[in-house]
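S.K.: Sharing a structure with you now.
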Amino acid sequence: MPSHDKGKGKLFIIGTGPGNLDQLTARARNALGEAEYIIGNAAYLTPLAELLGGKQVISSSMGREVERARTAVELAQDHRVAMVSGGDPGVYGMASIVLELVERTGRVVDVEVVPGITAATAAASLLGSPLSGDFVVLSLSDLLVPLEVIEERLSAALSMGVPIVLYNPKSRGRPHNFSRAMEIAGRFRRPDTPVGIVKNAYREEETVIITTLREIMDCNDEVDMHSSVIIGGEESRIWKVNGDARGIITPRGYHKKYVY
Ligand code: SAH
């Protein structure tokens, strides 16, 4: 029988935001405070160091997600456990695998998914307002999704004309997915389409680059697994102040209705 009546355990699946404590929500901070065990990828635990005093910390490496999720579900039978996930836990994060394991093991635990600021909006904020309305988020990682499917989805998204945020644009294991994606983008969007690269948003070594589809491959070396890339939509443009390129905006369309 699932042990759901002990009433002691709780499993928080916490989004820690882009990586700076200032960007952690108050709920995430309180949930971390309540937890006895904190489990997560070492990269997400490091920025939280000052909140981990007195906790049992279980840190694991990338690629051990299933194992980590299983440990969390088991411990949460009797303990207050926080599984941390960067950004938002429901966006290419740990929430789904943890919920699947709760379902499969029949271990009924009290689960709370605590949302966090995802890389798309963190990156967008540093560029100005490139998303503004409808947009698409795609991951170029082919670890769990075949490359053909990623390319089909990318073409479909590009044909919609809306801005696209690319997560996992490049890693050592798949250095060519990004250049291939930019080649496909060039078939659908104008060469002067603005492109923003945001690397390590709200972390040390934060880098923001504003360029265009025509010149994007000049910045190829800047793009890595810590970057998000925003390809502008048909209405996106470089945001200039006194002639200087300061960011990217996608107007919501107020100019069509109002005079300002
Ligand atoms: N759950 C996370 C996404 C995990 S996928 C979230 O909601 O943000 C990992 C990808 O997210 C990275 O390859 C990168 O594309 C993006 N990312 C995560 N943190 C970032 C940051 N601080 N700056 C820029 N991109 C980031």
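Just remember, in the structure tokens the first chain shown is A, the second B, etc., residues are 1-based per chain, and ligands are 1-based in the order shown.
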Return as JSON, numbers by chain every polymer residue, whether protein, DNA or RNA, with at least one atom no more than 7 Å from an atom of ligand 1; count only C-alpha atoms and all ligand atoms.
M.R.: {"A": [17, 18, 19, 85, 86, 87, 88, 89, 90, 91, 92, 93, 117, 118, 119, 120, 123, 166, 167, 168, 169, 198, 199, 200, 201, 202, 203, 225, 226, 227, 228]}
S.K.: Residues of range 6-188 of chain A in alpha helix (DSSP H) according to DSSP, as a ChimeraX atom specification?
M.R.: /A:26-34,42-45,65-75,95-105,119-127,147-160,177-188
S.K.: Could you list, as number ranges by chain, every residue within 10 Å of Ile13 in chain A, counting only C-alpha atoms and ignoring same-chain residues fewer than 6 positions away?
M.R.: A: 28, 31-32, 39, 69, 72, 81-85, 88-90, 93-96, 98-99, 111-115
S.K.: Near Thr250 in chain A, within 12 Å and counting only C-alpha atoms, which residues show up once chain neighbours fewer than 5 positions away are dropped, as a list in words?
M.R.: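 In the requested form, the answer reads Ala124, Leu127, Gly128, Ser129, Pro130, Leu131, Ser132, Gly133, Asp134, Phe135, Gly161, Val162, Pro163, Ile164, Thr193, Pro194, Val195, Ile230, Ile231, Gly232, Gly233, Glu234, Glu235, Ser236, Arg237, Ile238, Trp239 and His255 of chain A.
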S.K.: Name the residues in contact with Glu65 in chain A at a cut-off of 9 Å, using only C-alpha atoms, excluding same-chain residues fewer than 2 positions from it; report them as a ChimeraX atom specification.
M.R.: /A:40-41,60-63,67-70,94,97
S.K.: Let me make sure I understand: among A:Thr25, A:Ser141, A:Ser171, A:Thr207, which one has the smallest atom-to-atom distance to Asp224 in chain A if we use only C-alpha atoms?
M.R.: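 With only C-alpha atoms as the atom set, the closest residue is A:Ser171.
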S.K.: In Å, rounded to a single decimal, give me how far CA of Val108 in chain A is from CA of Ile38 in chain A.
M.R.: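 According to the coordinates, CA of Ile38 in chain A and CA of Val108 in chain A are separated by 19.4 Å.
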S.K.: Between CA of Val229 in chain A and CA of Phe12 in chain A, measure the distance and give it in Å to one decimal.
M.R.: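 Taking CA of Val229 in chain A and CA of Phe12 in chain A, their separation equals 29.7 Å.
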S.K.: Under the rule that only C-alpha atoms are counted, which of A:Leu21, A:Leu126, A:Leu48, A:Leu11 is the nearest residue to Ala35 in chain A?
M.R.: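 Distance minimum relative to Ala35 in chain A lands on A:Leu11.
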S.K.: Out of A:Ala156, A:Val241, A:Val165, A:Glu206, which residue has the shortest atom-to-atom distance to Leu140 in chain A when counting only C-alpha atoms?
M.R.: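 Going through A:Ala156, A:Val241, A:Val165, A:Glu206 one by one, the smallest distance to Leu140 in chain A is for A:Val165.
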S.K.: Can you measure CA of Thr211 in chain A to CA of Arg189 in chain A for me? One decimal in Å is fine.
M.R.: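 Distance between the two atoms: 14.0 Å.
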